[in-house]
file run-v3.txt (compact mmCIF, C-alpha atoms and all ligand atoms)
# COMPACT_ATOMS: atom_id res chain seq x y z
CA MET A 1 -30.26 57.53 -25.00
CA PHE A 2 -31.27 54.38 -23.14
CA PRO A 3 -34.76 53.03 -22.74
CA THR A 4 -36.06 53.37 -19.19
CA GLU A 5 -38.76 51.48 -17.31
CA ARG A 6 -41.43 53.83 -18.64
CA ARG A 7 -39.89 55.12 -21.85
CA ASN A 8 -38.92 53.12 -24.89
CA HIS A 9 -36.67 54.25 -27.70
CA PRO A 10 -38.17 56.77 -30.16
CA SER A 11 -40.76 55.68 -32.69
CA VAL A 12 -43.77 57.74 -33.71
CA LEU A 13 -46.59 56.37 -35.81
CA LEU A 14 -48.60 58.75 -37.96
CA ARG A 15 -51.93 57.53 -39.21
CA TYR A 16 -53.42 59.49 -42.11
CA ASN A 17 -56.53 57.90 -43.66
CA GLY A 18 -55.21 54.52 -44.87
CA ASP A 19 -51.54 55.42 -44.60
CA LEU A 20 -49.45 54.29 -41.65
CA ILE A 21 -46.13 56.10 -41.52
CA LEU A 22 -43.50 55.33 -38.90
CA PHE A 23 -40.90 57.90 -37.90
CA ASP A 24 -37.86 56.19 -36.39
CA CYS A 25 -37.84 52.60 -35.26
CA GLY A 26 -36.14 52.27 -31.90
CA GLU A 27 -35.69 49.00 -30.07
CA GLY A 28 -39.01 47.48 -29.02
CA THR A 29 -41.11 49.17 -31.70
CA GLN A 30 -42.71 45.93 -32.89
CA LYS A 31 -43.77 45.14 -29.32
CA GLN A 32 -45.21 48.62 -28.82
CA LEU A 33 -47.22 48.24 -32.07
CA ARG A 34 -48.63 45.04 -30.68
CA LYS A 35 -49.64 46.78 -27.47
CA ALA A 36 -51.28 49.53 -29.54
CA LYS A 37 -53.08 46.82 -31.58
CA ILE A 38 -51.69 48.13 -34.87
CA PRO A 39 -51.04 45.49 -37.52
CA PRO A 40 -47.42 46.09 -38.63
CA THR A 41 -48.14 44.89 -42.17
CA LYS A 42 -50.17 48.06 -42.74
CA ILE A 43 -47.05 50.20 -42.36
CA LYS A 44 -46.12 51.59 -45.77
CA TYR A 45 -43.26 53.90 -44.88
CA ILE A 46 -40.52 54.03 -42.27
CA PHE A 47 -38.64 57.33 -42.00
CA ILE A 48 -35.37 57.02 -40.08
CA THR A 49 -33.82 60.26 -38.83
CA HIS A 50 -30.36 58.79 -38.30
CA TRP A 51 -28.54 55.60 -37.49
CA HIS A 52 -27.83 56.00 -33.78
CA GLY A 53 -29.13 52.83 -32.17
CA ASP A 54 -31.94 54.48 -30.21
CA HIS A 55 -33.60 55.45 -33.53
CA SER A 56 -32.88 52.38 -35.60
CA LEU A 57 -32.26 49.25 -33.48
CA GLY A 58 -35.87 48.20 -33.99
CA LEU A 59 -35.50 47.80 -37.76
CA PRO A 60 -34.30 44.18 -37.86
CA GLY A 61 -37.10 43.22 -35.49
CA MET A 62 -39.60 45.16 -37.56
CA PHE A 63 -38.52 43.40 -40.76
CA GLN A 64 -38.86 40.03 -39.03
CA SER A 65 -42.27 41.01 -37.77
CA LEU A 66 -43.48 42.19 -41.17
CA SER A 67 -42.27 38.99 -42.75
CA ALA A 68 -43.88 36.78 -40.11
CA HIS A 69 -47.17 38.65 -40.51
CA GLY A 70 -47.07 37.98 -44.26
CA LYS A 71 -46.56 41.48 -45.58
CA LYS A 72 -46.82 41.48 -49.38
CA GLU A 73 -46.77 45.14 -50.32
CA LYS A 74 -43.56 47.03 -50.75
CA LEU A 75 -42.10 48.80 -47.70
CA ILE A 76 -40.44 52.15 -48.31
CA VAL A 77 -37.61 53.01 -45.93
CA VAL A 78 -36.36 56.59 -46.00
CA GLY A 79 -33.21 57.71 -44.24
CA PRO A 80 -30.09 59.84 -44.49
CA ALA A 81 -26.93 59.14 -46.53
CA LYS A 82 -25.68 55.53 -46.34
CA THR A 83 -29.12 54.15 -45.46
CA LYS A 84 -29.01 51.80 -48.48
CA GLU A 85 -25.72 50.33 -47.33
CA ARG A 86 -26.96 49.93 -43.76
CA ILE A 87 -30.15 48.16 -44.84
CA GLU A 88 -27.98 45.77 -46.86
CA TYR A 89 -25.95 45.07 -43.68
CA ILE A 90 -29.17 44.24 -41.83
CA LYS A 91 -30.18 41.88 -44.66
CA LYS A 92 -26.79 40.18 -44.41
CA ALA A 93 -26.77 39.96 -40.61
CA PHE A 94 -30.27 38.57 -40.17
CA THR A 95 -32.37 36.19 -42.12
CA TRP A 96 -36.09 36.24 -42.72
CA TYR A 97 -38.44 35.10 -45.42
CA GLU A 98 -38.39 37.95 -47.93
CA ASN A 99 -42.04 38.00 -48.92
CA PHE A 100 -42.03 41.77 -49.30
CA GLN A 101 -39.73 44.19 -51.07
CA ILE A 102 -37.85 46.98 -49.30
CA GLU A 103 -37.30 50.14 -51.33
CA VAL A 104 -34.72 52.47 -49.79
CA ILE A 105 -34.63 56.20 -50.39
CA GLU A 106 -31.69 58.29 -49.19
CA ALA A 107 -33.17 61.73 -48.62
CA LYS A 108 -31.54 65.14 -48.64
CA ASN A 109 -33.12 68.57 -48.34
CA GLY A 110 -36.56 68.89 -49.91
CA LYS A 111 -39.51 66.75 -50.94
CA VAL A 112 -39.12 63.02 -50.34
CA ILE A 113 -42.54 61.49 -50.94
CA GLU A 114 -45.68 63.01 -52.42
CA THR A 115 -49.09 61.36 -52.68
CA ASP A 116 -52.44 62.86 -53.77
CA GLU A 117 -53.08 63.83 -50.17
CA TRP A 118 -49.76 64.75 -48.54
CA ILE A 119 -46.09 65.57 -48.91
CA ILE A 120 -43.19 64.62 -46.66
CA LYS A 121 -40.12 66.84 -46.79
CA ALA A 122 -36.71 66.33 -45.22
CA MET A 123 -34.05 68.65 -43.92
CA GLU A 124 -30.48 67.77 -43.02
CA VAL A 125 -29.83 68.68 -39.38
CA LYS A 126 -26.68 68.91 -37.25
CA HIS A 127 -26.01 65.90 -35.04
CA GLY A 128 -22.49 64.85 -35.96
CA THR A 129 -23.78 61.97 -38.11
CA PRO A 130 -26.08 62.27 -41.16
CA CYS A 131 -29.46 63.10 -39.64
CA LEU A 132 -32.77 64.35 -41.03
CA ALA A 133 -35.78 66.19 -39.69
CA TYR A 134 -39.08 65.52 -41.46
CA SER A 135 -42.26 67.47 -42.07
CA PHE A 136 -45.60 65.96 -43.03
CA GLU A 137 -47.80 68.41 -44.88
CA GLU A 138 -51.39 67.62 -45.75
CA LYS A 139 -52.40 69.19 -49.07
CA GLU A 140 -54.95 71.99 -49.24
CA LYS A 141 -58.48 70.68 -49.66
CA VAL A 142 -61.42 72.13 -51.60
CA LYS A 143 -64.57 72.05 -49.47
CA ILE A 144 -68.19 72.80 -50.38
CA ASN A 145 -69.52 76.04 -48.96
CA ILE A 146 -72.74 74.50 -47.67
CA GLU A 147 -73.97 77.82 -46.28
CA TYR A 148 -73.98 79.10 -49.87
CA THR A 149 -75.30 76.04 -51.73
CA LYS A 150 -78.05 75.68 -49.09
CA LYS A 151 -79.57 78.91 -50.40
CA PHE A 152 -80.25 77.03 -53.63
CA GLY A 153 -81.66 74.05 -51.73
CA LEU A 154 -78.59 72.02 -52.58
CA ILE A 155 -77.15 70.16 -49.61
CA GLN A 156 -76.43 66.62 -50.74
CA HIS A 157 -76.24 65.83 -54.43
CA PRO A 158 -73.74 64.25 -56.87
CA LEU A 159 -73.53 67.67 -58.55
CA LEU A 160 -71.64 68.95 -55.51
CA GLY A 161 -68.83 66.55 -56.39
CA LYS A 162 -68.45 68.34 -59.74
CA LEU A 163 -68.49 71.71 -58.02
CA GLN A 164 -65.76 70.47 -55.70
CA LYS A 165 -63.68 69.51 -58.73
CA GLY A 166 -63.88 73.10 -59.95
CA GLN A 167 -66.82 72.92 -62.38
CA THR A 168 -69.65 75.43 -62.52
CA ILE A 169 -72.92 73.56 -61.99
CA GLU A 170 -76.53 74.36 -62.82
CA TRP A 171 -79.34 73.64 -60.39
CA LYS A 172 -82.98 74.54 -61.05
CA GLY A 173 -81.95 77.03 -63.73
CA LYS A 174 -79.37 78.76 -61.56
CA LYS A 175 -75.62 78.64 -61.94
CA ILE A 176 -73.34 77.90 -58.98
CA THR A 177 -69.68 78.73 -59.54
CA PRO A 178 -66.80 77.07 -57.67
CA LYS A 179 -65.60 80.52 -56.67
CA LYS A 180 -68.70 81.05 -54.55
CA GLY A 181 -69.72 77.48 -53.89
CA THR A 182 -66.42 76.22 -52.53
CA PHE A 183 -63.58 77.30 -50.26
CA LYS A 184 -60.04 76.11 -49.63
CA LYS A 185 -59.07 74.52 -46.34
CA LYS A 186 -55.42 74.64 -45.38
CA GLY A 187 -53.85 71.25 -44.67
CA LYS A 188 -52.30 70.24 -41.36
CA LYS A 189 -48.56 70.22 -40.83
CA ILE A 190 -46.59 68.02 -38.45
CA THR A 191 -42.85 68.47 -37.99
CA TYR A 192 -40.63 65.80 -36.48
CA ILE A 193 -37.24 66.91 -35.15
CA THR A 194 -34.72 64.66 -33.40
CA ASP A 195 -31.67 64.69 -32.82
CA THR A 196 -29.89 67.98 -33.50
CA VAL A 197 -28.36 71.10 -32.08
CA PHE A 198 -30.42 74.21 -32.61
CA PHE A 199 -29.75 76.21 -35.78
CA PRO A 200 -31.94 78.97 -37.28
CA GLU A 201 -33.06 77.05 -40.40
CA LEU A 202 -35.07 74.74 -38.12
CA ILE A 203 -37.49 77.63 -37.64
CA ASP A 204 -38.25 77.95 -41.36
CA PHE A 205 -38.56 74.21 -41.73
CA SER A 206 -41.10 74.04 -38.89
CA MET A 207 -42.98 77.21 -39.88
CA ASP A 208 -46.73 77.15 -39.11
CA SER A 209 -46.83 73.57 -37.84
CA ASP A 210 -49.98 72.39 -36.16
CA VAL A 211 -47.72 70.13 -34.16
CA ILE A 212 -43.98 69.98 -33.66
CA ILE A 213 -42.74 66.71 -32.23
CA SER A 214 -39.32 67.50 -30.88
CA GLU A 215 -36.49 66.08 -28.89
CA CYS A 216 -35.93 67.80 -25.59
CA SER A 217 -32.78 66.06 -24.48
CA PHE A 218 -31.24 68.50 -22.02
CA MET A 219 -32.20 71.26 -19.62
CA ASP A 220 -30.64 74.70 -19.84
CA ARG A 221 -28.32 74.00 -16.91
CA ASP A 222 -26.67 71.23 -19.00
CA THR A 223 -25.98 73.39 -22.06
CA GLU A 224 -22.39 72.25 -22.29
CA MET A 225 -23.35 68.61 -22.34
CA ALA A 226 -26.04 69.33 -24.94
CA LEU A 227 -23.49 70.99 -27.22
CA ASP A 228 -21.07 68.14 -26.72
CA LYS A 229 -23.65 65.48 -27.54
CA LYS A 230 -25.24 67.68 -30.24
CA HIS A 231 -28.73 68.05 -28.85
CA MET A 232 -31.09 70.92 -28.04
CA ILE A 233 -31.81 72.40 -24.64
CA THR A 234 -35.25 73.22 -23.27
CA SER A 235 -35.25 76.96 -23.98
CA GLN A 236 -34.20 76.34 -27.60
CA VAL A 237 -36.98 73.83 -28.15
CA GLY A 238 -39.49 76.31 -26.71
CA MET A 239 -38.09 79.13 -28.81
CA LEU A 240 -38.24 76.99 -31.95
CA ALA A 241 -41.96 76.37 -31.41
CA LYS A 242 -42.60 80.02 -30.59
CA LYS A 243 -40.70 81.51 -33.51
CA SER A 244 -42.11 79.06 -36.02
CA ASN A 245 -45.64 79.88 -34.90
CA ALA A 246 -46.49 76.30 -33.90
CA LYS A 247 -49.86 75.50 -32.38
CA LYS A 248 -48.61 72.65 -30.21
CA LEU A 249 -45.27 71.24 -29.12
CA LEU A 250 -44.97 67.59 -28.16
CA LEU A 251 -41.83 66.68 -26.30
CA PHE A 252 -40.02 63.36 -26.22
CA HIS A 253 -36.42 62.07 -26.17
CA ILE A 254 -35.65 63.42 -22.70
CA SER A 255 -32.41 62.39 -21.09
CA PRO A 256 -33.03 59.69 -18.44
CA ARG A 257 -30.85 61.77 -16.06
CA TYR A 258 -33.89 63.92 -15.27
CA SER A 259 -35.95 61.98 -12.76
CA ASN A 260 -38.30 64.94 -12.48
CA GLU A 261 -39.67 65.21 -16.01
CA LYS A 262 -42.15 67.90 -14.95
CA GLU A 263 -39.25 70.21 -14.31
CA VAL A 264 -38.08 69.74 -17.92
CA VAL A 265 -41.50 70.53 -19.36
CA GLU A 266 -41.92 73.54 -17.09
CA GLU A 267 -38.68 74.97 -18.41
CA VAL A 268 -39.96 74.66 -22.00
CA LYS A 269 -43.31 76.15 -20.99
CA LYS A 270 -41.59 79.29 -19.76
CA VAL A 271 -40.90 79.99 -23.44
CA PHE A 272 -43.82 78.20 -25.14
CA GLU A 273 -46.95 77.53 -23.15
CA GLU A 274 -48.50 74.87 -25.44
CA ALA A 275 -45.81 72.30 -24.69
CA LYS A 276 -46.58 68.80 -23.53
CA LEU A 277 -44.52 65.76 -22.70
CA VAL A 278 -45.87 62.67 -24.42
CA ASN A 279 -45.91 59.22 -22.89
CA ASP A 280 -45.34 55.90 -24.60
CA LEU A 281 -48.42 54.67 -26.49
CA GLU A 282 -50.17 58.02 -26.11
CA LYS A 283 -52.52 58.88 -28.99
CA ILE A 284 -52.82 62.47 -30.18
CA ASN A 285 -55.38 63.73 -32.69
CA VAL A 286 -54.16 66.57 -34.87
ZN ZN B 1 -28.68 60.59 -32.03
ZN ZN B 2 -31.48 59.88 -30.04
call {"tool": "encode", "arguments": {"input": "run-v3.txt", "output": "structure tokens", "more": "lines below"}}
Ligand SMILES: [Zn+2]
Ligand SMILES: [Zn+2]
result
Amino acid sequence: MFPTERRNHPSVLLRYNGDLILFDCGEGTQKQLRKAKIPPTKIKYIFITHWHGDHSLGLPGMFQSLSAHGKKEKLIVVGPAKTKERIEYIKKAFTWYENFQIEVIEAKNGKVIETDEWIIKAMEVKHGTPCLAYSFEEKEKVKINIEYTKKFGLIQHPLLGKLQKGQTIEWKGKKITPKKGTFKKKGKKITYITDTVFFPELIDFSMDSDVIISECSFMDRDTEMALDKKHMITSQVGMLAKKSNAKKLLLFHISPRYSNEKEVVEEVKKVFEEAKLVNDLEKINV
């Protein structure tokens, strides 16, 4: 996949509260971050799907950029098998002032990183070279049932914090239990899939995503080429979103051979209506 006049190599930035998480780091990522006015030093994690150049050529540049901007905190780079070795090659090939540490995690199937607020899981996919899909899952949150606590005249009070932590509280002689005074809100899920052929386990991995960000390399008429280059075709991408019960499907990584991108999206939409092609630097709220 080559960059075109309008489309750069893949790189998707996820912002969750204070965490900036980058998925893939294609050529030109540091420049795109600059255009988006995002300070690169705030990036804590870089998840690489695989080591084809379109997903990883931006790493040396990114390391240079982080160094030049004075990053001090550790950077965690996650990738498939042999990522440690490849990062060492980058360190040998280029030179920069190492004012920050790079921790490398080679991920397989399952949980990769867990914080108090979210989990990122990986799944090995089929692309002819070690390649991973990732899912970001926000943890379930306990919320105050204001409609209920309001009946006791309790809307804003430090006691509500205790209730939220699961304690029964007492207010004006009345007891409020967490069972009645709180409810659980399901966390959001974002799944990132590129590059792979379709295989059924992708459906389970993406199950109930609020958003699937997926490659959409080839149209159905180029099935043979897709199989040869180990990518998905439009109808498979649509079917993946449909069968995994996704709310939204964001498409990227479209072969530059299709000058009419609308045609590509329309083909996906025949299977899954909530599909959208994303443009470079486009911001999406989930
Ligand atoms: Zn690839
Ligand atoms: Zn690619």
call {"tool": "residues_near_ligand", "arguments": {"input": "run-v3.txt", "ligand": "ligand ZN 1 (chain B)", "cutoff": "8 Å", "atoms": "all atoms listed in the file", "output": "ChimeraX atom specification"}}
result
/A:1,50-55,127,129,194-196
call {"tool": "residues_around", "arguments": {"input": "run-v3.txt", "residues": "region 90-98 of chain A", "least_positions_apart": "6", "cutoff": "10 Å", "atoms": "all atoms listed in the file", "output": "PyMOL selection string"}}
result
chain A and resi 59-61+63-68+70-72
call {"tool": "closest_residue", "arguments": {"input": "run-v3.txt", "among": "A:Leu154, A:Leu57, A:Ile48, A:Val112", "to": "Thr83 (chain A)", "atoms": "only C-alpha atoms"}}
result
A:Ile48
call {"tool": "residues_around", "arguments": {"input": "run-v3.txt", "residues": "Ile190 (chain A)", "least_positions_apart": "6", "cutoff": "7 Å", "atoms": "all atoms listed in the file", "output": "list in words"}}
result
Ser135, Phe136, Glu137, Ser209, Asp210, Val211 and Ile212 of chain A
call {"tool": "residues_around", "arguments": {"input": "run-v3.txt", "residues": "region 170-173 of chain A", "least_positions_apart": "4", "cutoff": "10 Å", "atoms": "all atoms listed in the file", "output": "PyMOL selection string"}}
result
chain A and resi 149+152-154+159+163+177
call {"tool": "axis_aligned_box", "arguments": {"input": "run-v3.txt", "around": "region 131-147 of chain A", "padding_each_side": "3 Å", "output": "AutoDock Vina command-line options"}}
result
--center_x -51.7 --center_y 70.5 --center_z -45.6 --size_x 50.5 --size_y 20.7 --size_z 18.0
call {"tool": "closest_residue", "arguments": {"input": "run-v3.txt", "among": "A:Lys283, A:Lys185, A:Lys229, A:Lys247", "to": "ligand ZN 2 (chain B)", "atoms": "all atoms listed in the file"}}
result
A:Lys229
call {"tool": "closest_residue", "arguments": {"input": "run-v3.txt", "among": "A:Cys131, A:Leu33, A:Ala275, A:Leu13", "to": "ligand ZN 2 (chain B)", "atoms": "all atoms listed in the file"}}
result
A:Cys131
call {"tool": "residues_near_point", "arguments": {"input": "run-v3.txt", "point": "(-34.9, 58.3, -27.7)", "cutoff": "9 Å", "atoms": "all atoms listed in the file", "output": "ChimeraX atom specification"}}
result
/A:1-3,7-11,26,54-55,194-195,215,217,252-255
call {"tool": "write_last_selection", "arguments": {"input": "run-v3.txt", "atoms": "C-alpha atoms", "output": "compact mmCIF listing (two decimals), in the frame of the given file"}}
result
# COMPACT_ATOMS: atom_id res chain seq x y z
CA MET A 1 -30.26 57.53 -25.00
CA PHE A 2 -31.27 54.38 -23.14
CA PRO A 3 -34.76 53.03 -22.74
CA ARG A 7 -39.89 55.12 -21.85
CA ASN A 8 -38.92 53.12 -24.89
CA HIS A 9 -36.67 54.25 -27.70
CA PRO A 10 -38.17 56.77 -30.16
CA SER A 11 -40.76 55.68 -32.69
CA GLY A 26 -36.14 52.27 -31.90
CA ASP A 54 -31.94 54.48 -30.21
CA HIS A 55 -33.60 55.45 -33.53
CA THR A 194 -34.72 64.66 -33.40
CA ASP A 195 -31.67 64.69 -32.82
CA GLU A 215 -36.49 66.08 -28.89
CA SER A 217 -32.78 66.06 -24.48
CA PHE A 252 -40.02 63.36 -26.22
CA HIS A 253 -36.42 62.07 -26.17
CA ILE A 254 -35.65 63.42 -22.70
CA SER A 255 -32.41 62.39 -21.09
call {"tool": "closest_residue", "arguments": {"input": "run-v3.txt", "among": "A:Leu160, A:Ile233, A:Leu14, A:Val78", "to": "Ala122 (chain A)", "atoms": "all atoms listed in the file"}}
result
A:Val78
call {"tool": "residues_around", "arguments": {"input": "run-v3.txt", "residues": "Thr234 (chain A)", "least_positions_apart": "4", "cutoff": "6 Å", "atoms": "only C-alpha atoms", "output": "number ranges by chain"}}
result
A: 216, 219-220, 268
call {"tool": "residues_around", "arguments": {"input": "run-v3.txt", "residues": "Val271 (chain A)", "least_positions_apart": "5", "cutoff": "12 Å", "atoms": "only C-alpha atoms", "output": "PDB file with C-alpha atoms, in the coordinates of the input"}}
result
ATOM      1  CA  ILE A 233     -31.810  72.400 -24.640  1.00  0.00           C
ATOM      2  CA  THR A 234     -35.250  73.220 -23.270  1.00  0.00           C
ATOM      3  CA  SER A 235     -35.250  76.960 -23.980  1.00  0.00           C
ATOM      4  CA  GLN A 236     -34.200  76.340 -27.600  1.00  0.00           C
ATOM      5  CA  VAL A 237     -36.980  73.830 -28.150  1.00  0.00           C
ATOM      6  CA  GLY A 238     -39.490  76.310 -26.710  1.00  0.00           C
ATOM      7  CA  MET A 239     -38.090  79.130 -28.810  1.00  0.00           C
ATOM      8  CA  LEU A 240     -38.240  76.990 -31.950  1.00  0.00           C
ATOM      9  CA  ALA A 241     -41.960  76.370 -31.410  1.00  0.00           C
ATOM     10  CA  LYS A 242     -42.600  80.020 -30.590  1.00  0.00           C
ATOM     11  CA  LYS A 243     -40.700  81.510 -33.510  1.00  0.00           C
ATOM     12  CA  LEU A 249     -45.270  71.240 -29.120  1.00  0.00           C
ATOM     13  CA  VAL A 264     -38.080  69.740 -17.920  1.00  0.00           C
ATOM     14  CA  VAL A 265     -41.500  70.530 -19.360  1.00  0.00           C
ATOM     15  CA  GLU A 266     -41.920  73.540 -17.090  1.00  0.00           C
TER      16      GLU A 266
END
call {"tool": "atom_distance", "arguments": {"input": "run-v3.txt", "atom1": "CA of Tyr134 (chain A)", "atom2": "CA of Lys31 (chain A)"}}
result
24.2 Å
call {"tool": "closest_residue", "arguments": {"input": "run-v3.txt", "among": "A:Gly18, A:Pro80, A:Gly28, A:Gly187", "to": "Phe47 (chain A)", "atoms": "only C-alpha atoms"}}
result
A:Pro80
call {"tool": "atom_distance", "arguments": {"input": "run-v3.txt", "atom1": "CA of Thr4 (chain A)", "atom2": "CA of Leu22 (chain A)"}}
result
21.2 Å
call {"tool": "atom_distance", "arguments": {"input": "run-v3.txt", "atom1": "CA of Asp280 (chain A)", "atom2": "CA of Arg6 (chain A)"}}
result
7.4 Å
call {"tool": "closest_residue", "arguments": {"input": "run-v3.txt", "among": "A:Lys126, A:Lys84, A:His157, A:Lys188", "to": "Pro200 (chain A)", "atoms": "only C-alpha atoms"}}
result
A:Lys126
call {"tool": "residues_near_point", "arguments": {"input": "run-v3.txt", "point": "(-40.1, 51.7, -37.8)", "cutoff": "6 Å", "atoms": "only C-alpha atoms", "output": "PyMOL selection string"}}
result
chain A and resi 22+24-25+46
call {"tool": "decode", "arguments": {"input": "run-v3.txt", "residues": "region 110-125 of chain A", "atoms": "N, CA, C and O atoms", "output": "tab-separated table (two decimals), in the first residue's frame"}}
result
chain	number	residue	atom	x	y	z
A	110	GLY	N	-4.79	-12.60	23.34
A	110	GLY	CA	-5.23	-12.30	24.70
A	110	GLY	C	-4.87	-10.91	25.16
A	110	GLY	O	-4.47	-10.06	24.36
A	111	LYS	N	-5.01	-10.70	26.49
A	111	LYS	CA	-4.81	-9.38	27.07
A	111	LYS	C	-3.36	-8.92	26.94
A	111	LYS	O	-2.45	-9.69	27.20
A	112	VAL	N	-3.18	-7.67	26.53
A	112	VAL	CA	-1.81	-7.15	26.39
A	112	VAL	C	-1.53	-6.11	27.47
A	112	VAL	O	-0.52	-6.16	28.16
A	113	ILE	N	-2.43	-5.15	27.61
A	113	ILE	CA	-2.25	-4.08	28.59
A	113	ILE	C	-3.58	-3.89	29.32
A	113	ILE	O	-4.63	-3.86	28.69
A	114	GLU	N	-3.49	-3.72	30.63
A	114	GLU	CA	-4.71	-3.42	31.40
A	114	GLU	C	-4.41	-2.26	32.34
A	114	GLU	O	-3.40	-2.27	33.05
A	115	THR	N	-5.26	-1.26	32.33
A	115	THR	CA	-5.15	-0.17	33.30
A	115	THR	C	-6.43	-0.20	34.15
A	115	THR	O	-7.27	-1.08	33.98
A	116	ASP	N	-6.59	0.77	35.05
A	116	ASP	CA	-7.82	0.81	35.87
A	116	ASP	C	-9.04	1.04	35.00
A	116	ASP	O	-10.16	0.69	35.36
A	117	GLU	N	-8.82	1.66	33.83
A	117	GLU	CA	-9.96	2.08	33.02
A	117	GLU	C	-10.23	1.26	31.76
A	117	GLU	O	-11.33	1.25	31.25
A	118	TRP	N	-9.20	0.59	31.24
A	118	TRP	CA	-9.39	-0.13	29.97
A	118	TRP	C	-8.46	-1.32	29.82
A	118	TRP	O	-7.48	-1.46	30.54
A	119	ILE	N	-8.80	-2.15	28.83
A	119	ILE	CA	-7.97	-3.32	28.50
A	119	ILE	C	-7.74	-3.31	26.99
A	119	ILE	O	-8.68	-3.03	26.22
A	120	ILE	N	-6.54	-3.63	26.57
A	120	ILE	CA	-6.32	-3.86	25.13
A	120	ILE	C	-5.93	-5.33	24.94
A	120	ILE	O	-5.04	-5.84	25.62
A	121	LYS	N	-6.67	-5.98	24.05
A	121	LYS	CA	-6.40	-7.38	23.74
A	121	LYS	C	-5.87	-7.49	22.31
A	121	LYS	O	-6.15	-6.64	21.47
A	122	ALA	N	-5.16	-8.57	22.06
A	122	ALA	CA	-4.63	-8.80	20.71
A	122	ALA	C	-5.12	-10.14	20.18
A	122	ALA	O	-5.49	-11.03	20.96
A	123	MET	N	-5.14	-10.25	18.86
A	123	MET	CA	-5.42	-11.55	18.25
A	123	MET	C	-4.52	-11.70	17.02
A	123	MET	O	-4.40	-10.78	16.21
A	124	GLU	N	-3.91	-12.88	16.90
A	124	GLU	CA	-3.07	-13.13	15.74
A	124	GLU	C	-3.96	-13.34	14.51
A	124	GLU	O	-4.91	-14.13	14.56
A	125	VAL	N	-3.67	-12.60	13.44
A	125	VAL	CA	-4.49	-12.70	12.23
A	125	VAL	C	-3.66	-13.31	11.10
A	125	VAL	O	-2.50	-13.67	11.30
